[in-house]
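Q: Contents of my_file-v7.pdb (PDB, C-alpha atoms, pLDDT in the B column) are below:
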ATOM      1  CA  MET A   1      21.709 -26.347   5.147  1.00 54.00           C
ATOM      2  CA  PRO A   2      19.968 -29.185   3.324  1.00 53.00           C
ATOM      3  CA  THR A   3      17.558 -28.100   0.672  1.00 50.00           C
ATOM      4  CA  THR A   4      15.823 -30.052  -2.009  1.00 52.00           C
ATOM      5  CA  ASP A   5      13.931 -29.106  -5.117  1.00 59.00           C
ATOM      6  CA  THR A   6      10.705 -29.565  -3.192  1.00 78.00           C
ATOM      7  CA  THR A   7      11.002 -26.592  -0.836  1.00 94.00           C
ATOM      8  CA  THR A   8       7.453 -25.318  -0.567  1.00 97.00           C
ATOM      9  CA  VAL A   9       6.890 -21.793   0.686  1.00 98.00           C
ATOM     10  CA  THR A  10       3.854 -19.572   1.027  1.00 98.00           C
ATOM     11  CA  LEU A  11       3.698 -16.173  -0.670  1.00 98.00           C
ATOM     12  CA  ARG A  12       1.466 -13.541   0.899  1.00 97.00           C
ATOM     13  CA  ILE A  13      -0.174 -11.283  -1.698  1.00 96.00           C
ATOM     14  CA  PRO A  14      -1.160  -7.674  -0.830  1.00 95.00           C
ATOM     15  CA  THR A  15      -4.838  -6.888  -1.295  1.00 93.00           C
ATOM     16  CA  PRO A  16      -4.828  -5.018  -4.642  1.00 94.00           C
ATOM     17  CA  LEU A  17      -2.741  -7.701  -6.342  1.00 95.00           C
ATOM     18  CA  ARG A  18      -5.201 -10.470  -5.508  1.00 94.00           C
ATOM     19  CA  SER A  19      -7.197  -9.591  -8.616  1.00 92.00           C
ATOM     20  CA  ALA A  20      -4.231 -11.102 -10.470  1.00 94.00           C
ATOM     21  CA  THR A  21      -4.098 -14.253  -8.333  1.00 96.00           C
ATOM     22  CA  ASP A  22      -7.722 -15.359  -8.708  1.00 95.00           C
ATOM     23  CA  GLY A  23      -8.500 -13.645  -5.416  1.00 93.00           C
ATOM     24  CA  GLN A  24      -6.041 -15.700  -3.403  1.00 95.00           C
ATOM     25  CA  ALA A  25      -4.353 -14.005  -0.432  1.00 93.00           C
ATOM     26  CA  THR A  26      -1.666 -16.683  -0.298  1.00 97.00           C
ATOM     27  CA  VAL A  27      -0.028 -18.758  -2.997  1.00 98.00           C
ATOM     28  CA  GLU A  28       2.185 -21.790  -2.462  1.00 98.00           C
ATOM     29  CA  VAL A  29       5.198 -22.284  -4.689  1.00 97.00           C
ATOM     30  CA  LYS A  30       8.233 -24.519  -4.748  1.00 97.00           C
ATOM     31  CA  ALA A  31      11.405 -22.434  -4.716  1.00 97.00           C
ATOM     32  CA  GLU A  32      14.877 -22.399  -3.204  1.00 97.00           C
ATOM     33  CA  THR A  33      15.335 -18.631  -3.116  1.00 97.00           C
ATOM     34  CA  VAL A  34      13.231 -15.499  -2.842  1.00 98.00           C
ATOM     35  CA  ASP A  35      13.972 -14.684  -6.469  1.00 98.00           C
ATOM     36  CA  ALA A  36      12.855 -18.129  -7.633  1.00 97.00           C
ATOM     37  CA  ALA A  37       9.682 -17.877  -5.555  1.00 98.00           C
ATOM     38  CA  LEU A  38       8.771 -14.512  -7.082  1.00 98.00           C
ATOM     39  CA  ARG A  39       9.608 -15.617 -10.632  1.00 98.00           C
ATOM     40  CA  THR A  40       7.492 -18.727 -10.180  1.00 98.00           C
ATOM     41  CA  LEU A  41       4.650 -16.588  -8.901  1.00 98.00           C
ATOM     42  CA  VAL A  42       4.861 -14.249 -11.891  1.00 98.00           C
ATOM     43  CA  ASP A  43       5.060 -17.197 -14.309  1.00 98.00           C
ATOM     44  CA  ARG A  44       1.834 -18.505 -12.825  1.00 98.00           C
ATOM     45  CA  TYR A  45       0.135 -15.093 -12.660  1.00 98.00           C
ATOM     46  CA  PRO A  46       1.660 -12.940 -15.436  1.00 97.00           C
ATOM     47  CA  ASP A  47      -0.508  -9.939 -14.607  1.00 94.00           C
ATOM     48  CA  LEU A  48       1.657  -9.451 -11.507  1.00 96.00           C
ATOM     49  CA  ALA A  49       4.773  -8.749 -13.529  1.00 96.00           C
ATOM     50  CA  ASP A  50       4.257  -5.037 -14.136  1.00 93.00           C
ATOM     51  CA  ASN A  51       3.302  -4.467 -10.540  1.00 94.00           C
ATOM     52  CA  LEU A  52       6.369  -6.149  -9.100  1.00 96.00           C
ATOM     53  CA  TYR A  53       9.075  -5.495 -11.688  1.00 96.00           C
ATOM     54  CA  ASP A  54      10.205  -2.337 -13.459  1.00 93.00           C
ATOM     55  CA  ALA A  55      11.323  -1.960 -17.089  1.00 92.00           C
ATOM     56  CA  ASP A  56      14.792  -3.224 -16.130  1.00 96.00           C
ATOM     57  CA  ASP A  57      13.286  -6.396 -14.639  1.00 95.00           C
ATOM     58  CA  GLU A  58      14.274  -5.281 -11.138  1.00 95.00           C
ATOM     59  CA  LEU A  59      11.853  -5.298  -8.244  1.00 96.00           C
ATOM     60  CA  ARG A  60      10.146  -1.923  -8.076  1.00 95.00           C
ATOM     61  CA  GLN A  61      11.568   0.388  -5.451  1.00 93.00           C
ATOM     62  CA  PHE A  62       8.425   0.304  -3.322  1.00 95.00           C
ATOM     63  CA  VAL A  63       8.246  -3.503  -3.334  1.00 97.00           C
ATOM     64  CA  ASN A  64       9.709  -4.973  -0.169  1.00 98.00           C
ATOM     65  CA  ILE A  65      10.059  -8.687   0.449  1.00 98.00           C
ATOM     66  CA  TYR A  66       9.946 -10.246   3.884  1.00 98.00           C
ATOM     67  CA  VAL A  67      10.790 -13.841   4.749  1.00 98.00           C
ATOM     68  CA  ASP A  68       8.748 -14.386   7.872  1.00 97.00           C
ATOM     69  CA  ASP A  69       9.557 -11.199   9.845  1.00 96.00           C
ATOM     70  CA  ASP A  70      12.830 -10.317   8.130  1.00 96.00           C
ATOM     71  CA  ASP A  71      13.197  -7.764   5.336  1.00 97.00           C
ATOM     72  CA  VAL A  72      15.465  -9.495   2.802  1.00 97.00           C
ATOM     73  CA  ARG A  73      17.026  -6.130   1.949  1.00 93.00           C
ATOM     74  CA  PHE A  74      18.996  -6.416   5.186  1.00 93.00           C
ATOM     75  CA  GLY A  75      20.147  -9.924   4.303  1.00 92.00           C
ATOM     76  CA  ASP A  76      20.896 -11.515   0.962  1.00 96.00           C
ATOM     77  CA  GLY A  77      18.155  -9.697  -0.929  1.00 96.00           C
ATOM     78  CA  VAL A  78      16.373 -11.787  -3.530  1.00 96.00           C
ATOM     79  CA  ASP A  79      19.148 -14.394  -3.218  1.00 97.00           C
ATOM     80  CA  THR A  80      17.952 -15.175   0.300  1.00 97.00           C
ATOM     81  CA  PRO A  81      17.579 -18.965   0.561  1.00 97.00           C
ATOM     82  CA  LEU A  82      14.243 -20.396   1.595  1.00 97.00           C
ATOM     83  CA  GLU A  83      13.371 -23.261   3.850  1.00 97.00           C
ATOM     84  CA  PRO A  84      10.207 -25.347   3.756  1.00 96.00           C
ATOM     85  CA  GLY A  85       7.315 -23.543   5.351  1.00 96.00           C
ATOM     86  CA  ASP A  86       8.797 -20.053   5.054  1.00 97.00           C
ATOM     87  CA  GLU A  87       6.303 -17.271   4.533  1.00 98.00           C
ATOM     88  CA  VAL A  88       7.358 -14.777   1.874  1.00 98.00           C
ATOM     89  CA  SER A  89       5.434 -11.494   2.050  1.00 98.00           C
ATOM     90  CA  ILE A  90       5.197  -8.826  -0.632  1.00 98.00           C
ATOM     91  CA  VAL A  91       4.950  -5.553   1.275  1.00 98.00           C
ATOM     92  CA  PRO A  92       4.646  -2.097  -0.296  1.00 97.00           C
ATOM     93  CA  SER A  93       6.217   0.999   1.156  1.00 97.00           C
ATOM     94  CA  ILE A  94       4.482   4.223   0.265  1.00 96.00           C
ATOM     95  CA  ALA A  95       5.675   7.761  -0.260  1.00 95.00           C
ATOM     96  CA  GLY A  96       4.547  10.934  -1.895  1.00 95.00           C
ATOM     97  CA  GLY A  97       4.407  14.664  -1.691  1.00 92.00           C
TER      98      GLY A  97
ATOM     99  CA  MET B   1     -14.590   4.572  -2.429  1.00 97.00           C
ATOM    100  CA  GLU B   2     -17.443   4.059  -0.079  1.00 98.00           C
ATOM    101  CA  THR B   3     -17.157   5.265   3.490  1.00 98.00           C
ATOM    102  CA  THR B   4     -18.761   7.273   6.289  1.00 97.00           C
ATOM    103  CA  GLU B   5     -18.561  10.930   7.220  1.00 97.00           C
ATOM    104  CA  SER B   6     -16.897   9.979  10.514  1.00 97.00           C
ATOM    105  CA  ILE B   7     -14.036   8.297   8.644  1.00 98.00           C
ATOM    106  CA  LEU B   8     -13.585  11.397   6.498  1.00 98.00           C
ATOM    107  CA  ASP B   9     -13.675  13.582   9.617  1.00 98.00           C
ATOM    108  CA  ALA B  10     -10.967  11.451  11.212  1.00 98.00           C
ATOM    109  CA  ILE B  11      -8.754  11.954   8.142  1.00 98.00           C
ATOM    110  CA  ARG B  12      -9.381  15.710   8.283  1.00 98.00           C
ATOM    111  CA  GLN B  13      -8.553  15.678  11.997  1.00 98.00           C
ATOM    112  CA  HIS B  14      -5.264  13.876  11.391  1.00 98.00           C
ATOM    113  CA  GLY B  15      -4.304  16.459   8.781  1.00 98.00           C
ATOM    114  CA  THR B  16      -5.136  19.192  11.253  1.00 98.00           C
ATOM    115  CA  ASP B  17      -3.162  17.543  14.046  1.00 98.00           C
ATOM    116  CA  THR B  18       0.013  17.242  11.977  1.00 98.00           C
ATOM    117  CA  TYR B  19      -0.231  20.674  10.285  1.00 98.00           C
ATOM    118  CA  PRO B  20       2.032  22.243   9.007  1.00 98.00           C
ATOM    119  CA  GLU B  21       3.516  18.826   8.297  1.00 98.00           C
ATOM    120  CA  GLU B  22       1.911  16.117   6.196  1.00 98.00           C
ATOM    121  CA  GLY B  23      -0.032  13.487   8.109  1.00 98.00           C
ATOM    122  CA  CYS B  24      -0.569  10.018   6.698  1.00 98.00           C
ATOM    123  CA  GLY B  25      -2.075   6.657   7.417  1.00 98.00           C
ATOM    124  CA  PHE B  26      -3.871   3.637   6.051  1.00 98.00           C
ATOM    125  CA  LEU B  27      -7.428   3.004   4.929  1.00 98.00           C
ATOM    126  CA  LEU B  28      -8.791  -0.299   6.198  1.00 98.00           C
ATOM    127  CA  GLY B  29     -11.817  -2.053   4.813  1.00 98.00           C
ATOM    128  CA  THR B  30     -12.854  -4.330   2.005  1.00 97.00           C
ATOM    129  CA  MET B  31     -11.998  -4.437  -1.682  1.00 95.00           C
ATOM    130  CA  MET B  32     -15.278  -5.316  -3.281  1.00 93.00           C
ATOM    131  CA  ASP B  33     -15.785  -7.440  -6.365  1.00 87.00           C
ATOM    132  CA  ASP B  34     -16.624  -4.409  -8.503  1.00 89.00           C
ATOM    133  CA  GLY B  35     -13.228  -2.901  -7.653  1.00 87.00           C
ATOM    134  CA  ASN B  36     -14.691  -0.298  -5.322  1.00 95.00           C
ATOM    135  CA  ASN B  37     -13.066   0.056  -1.902  1.00 97.00           C
ATOM    136  CA  ARG B  38     -15.241   0.190   1.188  1.00 98.00           C
ATOM    137  CA  VAL B  39     -13.349   1.979   3.970  1.00 98.00           C
ATOM    138  CA  THR B  40     -14.581   1.204   7.472  1.00 97.00           C
ATOM    139  CA  ALA B  41     -11.575   2.009   9.670  1.00 98.00           C
ATOM    140  CA  LEU B  42      -8.367   4.025   9.714  1.00 98.00           C
ATOM    141  CA  HIS B  43      -4.906   3.222  10.942  1.00 98.00           C
ATOM    142  CA  ARG B  44      -3.009   6.376  11.788  1.00 98.00           C
ATOM    143  CA  ALA B  45       0.685   6.262  11.035  1.00 98.00           C
ATOM    144  CA  THR B  46       3.710   8.479  11.523  1.00 97.00           C
ATOM    145  CA  ASN B  47       5.249  10.390   8.638  1.00 97.00           C
ATOM    146  CA  ARG B  48       8.665   8.687   8.425  1.00 97.00           C
ATOM    147  CA  ARG B  49      10.338  11.349   6.330  1.00 95.00           C
ATOM    148  CA  SER B  50      13.347  12.686   8.209  1.00 92.00           C
ATOM    149  CA  GLU B  51      13.114  16.106   6.563  1.00 93.00           C
ATOM    150  CA  ASN B  52      10.757  18.268   4.500  1.00 95.00           C
ATOM    151  CA  ARG B  53       7.697  16.727   6.142  1.00 95.00           C
ATOM    152  CA  GLU B  54       5.756  19.834   5.083  1.00 95.00           C
ATOM    153  CA  ARG B  55       5.963  18.620   1.496  1.00 96.00           C
ATOM    154  CA  ARG B  56       6.668  14.888   1.641  1.00 96.00           C
ATOM    155  CA  TYR B  57       5.466  11.783   3.437  1.00 96.00           C
ATOM    156  CA  GLU B  58       6.645   8.241   3.744  1.00 97.00           C
ATOM    157  CA  LEU B  59       5.183   5.029   5.137  1.00 97.00           C
ATOM    158  CA  THR B  60       7.643   2.178   5.524  1.00 97.00           C
ATOM    159  CA  ALA B  61       7.097  -1.509   4.846  1.00 97.00           C
ATOM    160  CA  ASP B  62       7.069  -2.041   8.609  1.00 97.00           C
ATOM    161  CA  ASP B  63       4.287   0.551   8.879  1.00 98.00           C
ATOM    162  CA  TYR B  64       2.377  -1.373   6.241  1.00 97.00           C
ATOM    163  CA  ARG B  65       2.842  -4.649   8.097  1.00 97.00           C
ATOM    164  CA  GLU B  66       1.613  -3.037  11.304  1.00 98.00           C
ATOM    165  CA  ALA B  67      -1.467  -1.665   9.528  1.00 98.00           C
ATOM    166  CA  ASP B  68      -2.049  -5.011   7.849  1.00 96.00           C
ATOM    167  CA  ALA B  69      -1.942  -6.783  11.217  1.00 96.00           C
ATOM    168  CA  ALA B  70      -4.403  -4.249  12.652  1.00 98.00           C
ATOM    169  CA  ALA B  71      -6.660  -4.826   9.658  1.00 97.00           C
ATOM    170  CA  GLN B  72      -6.518  -8.601  10.009  1.00 95.00           C
ATOM    171  CA  GLU B  73      -7.538  -8.341  13.672  1.00 97.00           C
ATOM    172  CA  GLN B  74     -10.697  -6.567  12.532  1.00 97.00           C
ATOM    173  CA  GLY B  75     -11.334  -8.926   9.642  1.00 97.00           C
ATOM    174  CA  LEU B  76     -10.348  -6.192   7.195  1.00 97.00           C
ATOM    175  CA  ASP B  77      -7.660  -5.483   4.617  1.00 96.00           C
ATOM    176  CA  VAL B  78      -5.494  -2.490   3.814  1.00 97.00           C
ATOM    177  CA  VAL B  79      -7.372  -0.904   0.913  1.00 97.00           C
ATOM    178  CA  GLY B  80      -5.562   2.401   0.586  1.00 98.00           C
ATOM    179  CA  VAL B  81      -3.681   5.268   2.141  1.00 98.00           C
ATOM    180  CA  TYR B  82      -4.388   8.878   2.996  1.00 98.00           C
ATOM    181  CA  HIS B  83      -2.198  11.902   3.446  1.00 98.00           C
ATOM    182  CA  SER B  84      -2.579  15.635   3.879  1.00 98.00           C
ATOM    183  CA  HIS B  85      -1.426  18.497   1.695  1.00 98.00           C
ATOM    184  CA  PRO B  86      -0.639  21.438   3.978  1.00 98.00           C
ATOM    185  CA  ASP B  87      -1.458  24.710   2.188  1.00 97.00           C
ATOM    186  CA  HIS B  88      -1.681  22.851  -1.094  1.00 96.00           C
ATOM    187  CA  PRO B  89      -4.634  21.632  -3.187  1.00 97.00           C
ATOM    188  CA  ALA B  90      -6.142  18.174  -2.659  1.00 97.00           C
ATOM    189  CA  ARG B  91      -4.727  16.865  -5.913  1.00 97.00           C
ATOM    190  CA  PRO B  92      -1.996  14.246  -6.408  1.00 97.00           C
ATOM    191  CA  SER B  93       1.411  15.818  -6.953  1.00 94.00           C
ATOM    192  CA  GLU B  94       3.961  14.569  -9.455  1.00 94.00           C
ATOM    193  CA  THR B  95       5.760  12.978  -6.495  1.00 93.00           C
ATOM    194  CA  ASP B  96       2.552  11.209  -5.499  1.00 94.00           C
ATOM    195  CA  LEU B  97       2.370   9.710  -8.981  1.00 94.00           C
ATOM    196  CA  GLN B  98       6.021   8.699  -9.157  1.00 91.00           C
ATOM    197  CA  GLU B  99       6.069   7.062  -5.748  1.00 90.00           C
ATOM    198  CA  ALA B 100       2.636   5.454  -5.610  1.00 92.00           C
ATOM    199  CA  PRO B 101       2.678   1.682  -5.139  1.00 93.00           C
ATOM    200  CA  PHE B 102       0.071  -0.657  -6.589  1.00 93.00           C
ATOM    201  CA  PRO B 103      -3.040   0.290  -8.569  1.00 94.00           C
ATOM    202  CA  GLY B 104      -6.150  -0.897  -6.738  1.00 95.00           C
ATOM    203  CA  TYR B 105      -5.604   1.093  -3.571  1.00 97.00           C
ATOM    204  CA  THR B 106      -7.622   4.209  -2.881  1.00 98.00           C
ATOM    205  CA  TYR B 107      -5.462   7.301  -2.329  1.00 98.00           C
ATOM    206  CA  VAL B 108      -7.155   9.977  -0.242  1.00 98.00           C
ATOM    207  CA  ILE B 109      -5.780  13.517  -0.022  1.00 98.00           C
ATOM    208  CA  VAL B 110      -7.012  16.204   2.337  1.00 98.00           C
ATOM    209  CA  SER B 111      -5.992  19.808   1.873  1.00 98.00           C
ATOM    210  CA  VAL B 112      -5.287  21.704   5.097  1.00 98.00           C
ATOM    211  CA  HIS B 113      -5.117  25.492   4.833  1.00 98.00           C
ATOM    212  CA  ASP B 114      -3.852  27.574   7.759  1.00 97.00           C
ATOM    213  CA  GLY B 115      -4.465  24.574   9.996  1.00 96.00           C
ATOM    214  CA  ALA B 116      -8.061  24.033   8.914  1.00 98.00           C
ATOM    215  CA  PRO B 117      -9.141  21.128   6.659  1.00 97.00           C
ATOM    216  CA  GLU B 118     -10.608  22.002   3.274  1.00 97.00           C
ATOM    217  CA  ALA B 119     -11.172  19.768   0.250  1.00 98.00           C
ATOM    218  CA  LEU B 120     -10.894  16.006   0.613  1.00 98.00           C
ATOM    219  CA  THR B 121     -10.557  13.920  -2.521  1.00 98.00           C
ATOM    220  CA  ALA B 122     -10.022  10.266  -3.448  1.00 98.00           C
ATOM    221  CA  TRP B 123      -7.962   8.915  -6.330  1.00 98.00           C
ATOM    222  CA  ALA B 124      -7.145   5.654  -8.087  1.00 97.00           C
ATOM    223  CA  LEU B 125      -3.855   4.930  -9.816  1.00 96.00           C
ATOM    224  CA  ALA B 126      -4.318   3.920 -13.471  1.00 95.00           C
ATOM    225  CA  PRO B 127      -3.317   0.304 -14.192  1.00 91.00           C
ATOM    226  CA  ASP B 128      -0.424   1.535 -16.345  1.00 89.00           C
ATOM    227  CA  ARG B 129       0.646   3.904 -13.518  1.00 90.00           C
ATOM    228  CA  SER B 130       0.530   6.884 -15.896  1.00 93.00           C
ATOM    229  CA  GLU B 131      -1.963   8.986 -13.941  1.00 96.00           C
ATOM    230  CA  PHE B 132      -4.446   9.202 -11.121  1.00 97.00           C
ATOM    231  CA  HIS B 133      -8.187   9.104 -11.790  1.00 97.00           C
ATOM    232  CA  ARG B 134     -10.591  10.836  -9.450  1.00 97.00           C
ATOM    233  CA  GLU B 135     -12.612   8.394  -7.379  1.00 97.00           C
ATOM    234  CA  GLU B 136     -16.127   9.224  -6.325  1.00 97.00           C
ATOM    235  CA  ILE B 137     -16.674   9.186  -2.554  1.00 98.00           C
ATOM    236  CA  SER B 138     -20.039   7.714  -1.681  1.00 97.00           C
ATOM    237  CA  LEU B 139     -21.193   8.128   1.892  1.00 96.00           C
ATOM    238  CA  ARG B 140     -23.224   5.569   3.719  1.00 89.00           C
ATOM    239  CA  THR B 141     -24.665   5.349   7.187  1.00 81.00           C
ATOM    240  CA  PRO B 142     -22.399   3.664   9.770  1.00 65.00           C
ATOM    241  CA  GLU B 143     -25.053   1.027  10.548  1.00 58.00           C
ATOM    242  CA  VAL B 144     -24.580  -0.593   7.137  1.00 52.00           C
ATOM    243  CA  THR B 145     -21.559  -2.820   7.401  1.00 52.00           C
TER     244      THR B 145
END
Would you mind writing the file out in structure tokens?

A:
Amino acid sequence: MPTTDTTTVTLRIPTPLRSATDGQATVEVKAETVDAALRTLVDRYPDLADNLYDADDELRQFVNIYVDDDDVRFGDGVDTPLEPGDEVSIVPSIAGG
Amino acid sequence: METTESILDAIRQHGTDTYPEEGCGFLLGTMMDDGNNRVTALHRATNRRSENRERRYELTADDYREADAAAQEQGLDVVGVYHSHPDHPARPSETDLQEAPFPGYTYVIVSVHDGAPEALTAWALAPDRSEFHREEISLRTPEVT
């Protein structure tokens, strides 16, 4: 699969995190993998870090990442490769008592 | 949060319908510039817990995506979640705190006692995730949108 260092993808930001992205619902980044896309996003908007990553720098348990309609957990996880135009969604799951 | 009595009644009704299990769903509306959430619609969901649904609830990422799509169709956003506490006070439990996702959502809890709804409260997760703060519920007339 040919990829270049100019793979541009769109990240979809859930509503409460848009206060950290200047109100933007979507953010475009250049990245070859899901991990690179998320790290680029957090570099650009550092206030997102605590919401997405835990103290061990792992994605929080309730943070799910979809590439288009596929949950990356059932594929290569954050190592999932990206293609130009992919839509990467940050999707919370919710639980409680 | 800002909402209408009919929205609150629909949350109470869902808690009644699922009693003695916990009922849950999504709050749809608008996150306003002052940080307050205006809730104008609900999206009922199914409690995905496979066991102990009397004391636990779960909404999957797919549930969230479905609610988000429903919100988008109405020009709204997902601005929070609600769930019921069967025979338990309308206060966040330790589990609610540990498993809450992002600050910024409104978390509504309705207590249902012997099948009848009682207190309904709204909460906001602190930015450092250490605790929930009580959110005031302001009612408005449905005509104001």

Q: Can you pull out every residue within 7 Å of Thr15 (chain A), counting all atoms listed in the file, but drop anything in the same chain fewer than 3 positions away, and send it as a PyMOL selection string?

A: (chain A and resi 18) or (chain B and resi 77-79)

Q: Taking the file as shown, find all residues satisfying the ChimeraX specification (/B :<8) & /A and write them as a list in words.

A: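 Given this file, the ChimeraX specification (/B :<8) & /A evaluates to Thr15, Pro16, Leu17, Asn51, Phe62, Val63, Asn64, Val91, Pro92, Ser93, Ile94, Ala95, Gly96 and Gly97 of chain A.
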
Q: Written as a PyMOL selection string, what is the full residue list that the PyMOL selection byres ((chain A and resi 44) around 12) yields on the file shown?

A: chain A and resi 20-22+27-30+37-43+45-49

Q: Name every residue that the PyMOL selection byres ((chain B and resi 17) around 12) selects in this structure, writing the answer as number ranges by chain with chains first and numbers rising.

A: B: 10-16, 18-24, 44, 46, 84, 86, 112, 114-117

Q: Given the choices B:Arg38, B:His43, B:His113, B:Arg91, which gets closest to Glu131 (chain B) if the distance is worked out from all atoms listed in the file?

A: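 Smallest distance to Glu131 (chain B) is found for B:Arg91.
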
Q: Under the rule that all atoms listed in the file are counted, which of B:Ser50, B:Gln74, B:Thr121, B:Ser111 is the nearest residue to Ser138 (chain B)?

A: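 Among B:Ser50, B:Gln74, B:Thr121, B:Ser111, it is B:Thr121 that comes nearest to Ser138 (chain B).
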
Q: For Asp70 (chain A), find every residue with an atom within 12 Å (counting all atoms listed in the file), except residues of its own chain fewer than 2 positions away, and show them as a ChimeraX atom specification.

A: /A:64-68,72-77,80,86-91 /B:61-62,65

Q: List as a list in words the protein and nucleic acid residues near Ala122 (chain B), meaning an atom at most 6 Å away when all atoms listed in the file are counted, but skip any in the same chain fewer than 2 places from it.

A: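 Listed by chain and then number, they are Tyr107, Val108 and Glu135 of chain B.
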
Q: Have a look at CA of Asn36 (chain B) and CA of Thr26 (chain A) and let me know their distance in Å, one decimal.

A: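 Distance reported for this atom pair: 21.5 Å.
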
Q: Nearest to Ala41 (chain B) among B:Leu125, B:Ile7, B:Ala67, B:Ala119, with distances taken over only C-alpha atoms: which residue is it?

A: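 Ranking B:Leu125, B:Ile7, B:Ala67, B:Ala119 by distance to Ala41 (chain B), first place goes to B:Ile7.
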
Q: One decimal, in Å: what's the spacing between CA of Thr40 (chain B) and CA of Arg140 (chain B)?

A: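 Between CA of Thr40 (chain B) and CA of Arg140 (chain B) the gap works out to 10.4 Å.
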
Q: Which distance in Å separates CA of Glu32 (chain A) and CA of Pro14 (chain A), to one decimal?

A: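 Those two atoms sit 21.9 Å apart.
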
Q: To test the calculation: enclose all listed atoms of region 6-20 of chain A in a box whose edges run along x, y and z, add 6 Å on each side, then state centre and edge lengths in Å to one decimal, as JSON.

A:
{"center_x": 1.9, "center_y": -17.3, "center_z": -4.7, "size_x": 30.2, "size_y": 36.5, "size_z": 23.5}

Q: Quick one: region 51-56 of chain A with all heavy atoms, as a PDB file, keeping the file's coordinate frame?

A:
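Dumped to part.pdb:
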ATOM      1  N   ASN A  51       3.430  -5.038 -11.869  1.00 94.00           N
ATOM      2  CA  ASN A  51       3.302  -4.467 -10.540  1.00 94.00           C
ATOM      3  C   ASN A  51       4.535  -4.709  -9.677  1.00 94.00           C
ATOM      4  O   ASN A  51       4.839  -3.926  -8.789  1.00 94.00           O
ATOM      5  CB  ASN A  51       2.071  -5.047  -9.826  1.00 94.00           C
ATOM      6  CG  ASN A  51       0.800  -4.384 -10.286  1.00 94.00           C
ATOM      7  OD1 ASN A  51       0.662  -3.177 -10.174  1.00 94.00           O
ATOM      8  ND2 ASN A  51      -0.120  -5.169 -10.821  1.00 94.00           N
ATOM      9  N   LEU A  52       5.226  -5.797  -9.942  1.00 96.00           N
ATOM     10  CA  LEU A  52       6.369  -6.149  -9.100  1.00 96.00           C
ATOM     11  C   LEU A  52       7.700  -5.711  -9.696  1.00 96.00           C
ATOM     12  O   LEU A  52       8.626  -5.363  -8.960  1.00 96.00           O
ATOM     13  CB  LEU A  52       6.400  -7.661  -8.855  1.00 96.00           C
ATOM     14  CG  LEU A  52       5.187  -8.246  -8.129  1.00 96.00           C
ATOM     15  CD1 LEU A  52       5.371  -9.750  -7.918  1.00 96.00           C
ATOM     16  CD2 LEU A  52       4.967  -7.545  -6.795  1.00 96.00           C
ATOM     17  N   TYR A  53       7.787  -5.757 -11.042  1.00 96.00           N
ATOM     18  CA  TYR A  53       9.075  -5.495 -11.688  1.00 96.00           C
ATOM     19  C   TYR A  53       9.023  -4.247 -12.571  1.00 96.00           C
ATOM     20  O   TYR A  53       7.994  -3.977 -13.206  1.00 96.00           O
ATOM     21  CB  TYR A  53       9.496  -6.700 -12.541  1.00 96.00           C
ATOM     22  CG  TYR A  53       9.818  -7.915 -11.703  1.00 96.00           C
ATOM     23  CD1 TYR A  53       8.876  -8.919 -11.525  1.00 96.00           C
ATOM     24  CD2 TYR A  53      11.050  -8.044 -11.078  1.00 96.00           C
ATOM     25  CE1 TYR A  53       9.161 -10.038 -10.741  1.00 96.00           C
ATOM     26  CE2 TYR A  53      11.344  -9.155 -10.293  1.00 96.00           C
ATOM     27  CZ  TYR A  53      10.394 -10.143 -10.133  1.00 96.00           C
ATOM     28  OH  TYR A  53      10.688 -11.239  -9.351  1.00 96.00           O
ATOM     29  N   ASP A  54      10.137  -3.523 -12.608  1.00 93.00           N
ATOM     30  CA  ASP A  54      10.205  -2.337 -13.459  1.00 93.00           C
ATOM     31  C   ASP A  54      10.706  -2.726 -14.855  1.00 93.00           C
ATOM     32  O   ASP A  54      10.893  -3.913 -15.161  1.00 93.00           O
ATOM     33  CB  ASP A  54      11.077  -1.245 -12.813  1.00 93.00           C
ATOM     34  CG  ASP A  54      12.527  -1.678 -12.640  1.00 93.00           C
ATOM     35  OD1 ASP A  54      12.974  -2.637 -13.303  1.00 93.00           O
ATOM     36  OD2 ASP A  54      13.227  -1.043 -11.818  1.00 93.00           O
ATOM     37  N   ALA A  55      10.934  -1.708 -15.696  1.00 92.00           N
ATOM     38  CA  ALA A  55      11.323  -1.960 -17.089  1.00 92.00           C
ATOM     39  C   ALA A  55      12.669  -2.677 -17.182  1.00 92.00           C
ATOM     40  O   ALA A  55      12.960  -3.340 -18.188  1.00 92.00           O
ATOM     41  CB  ALA A  55      11.360  -0.644 -17.864  1.00 92.00           C
ATOM     42  N   ASP A  56      13.488  -2.550 -16.138  1.00 96.00           N
ATOM     43  CA  ASP A  56      14.792  -3.224 -16.130  1.00 96.00           C
ATOM     44  C   ASP A  56      14.721  -4.606 -15.490  1.00 96.00           C
ATOM     45  O   ASP A  56      15.764  -5.205 -15.174  1.00 96.00           O
ATOM     46  CB  ASP A  56      15.819  -2.370 -15.383  1.00 96.00           C
ATOM     47  CG  ASP A  56      16.039  -1.032 -16.072  1.00 96.00           C
ATOM     48  OD1 ASP A  56      16.040  -1.017 -17.315  1.00 96.00           O
ATOM     49  OD2 ASP A  56      16.188  -0.018 -15.363  1.00 96.00           O
TER      50      ASP A  56
END
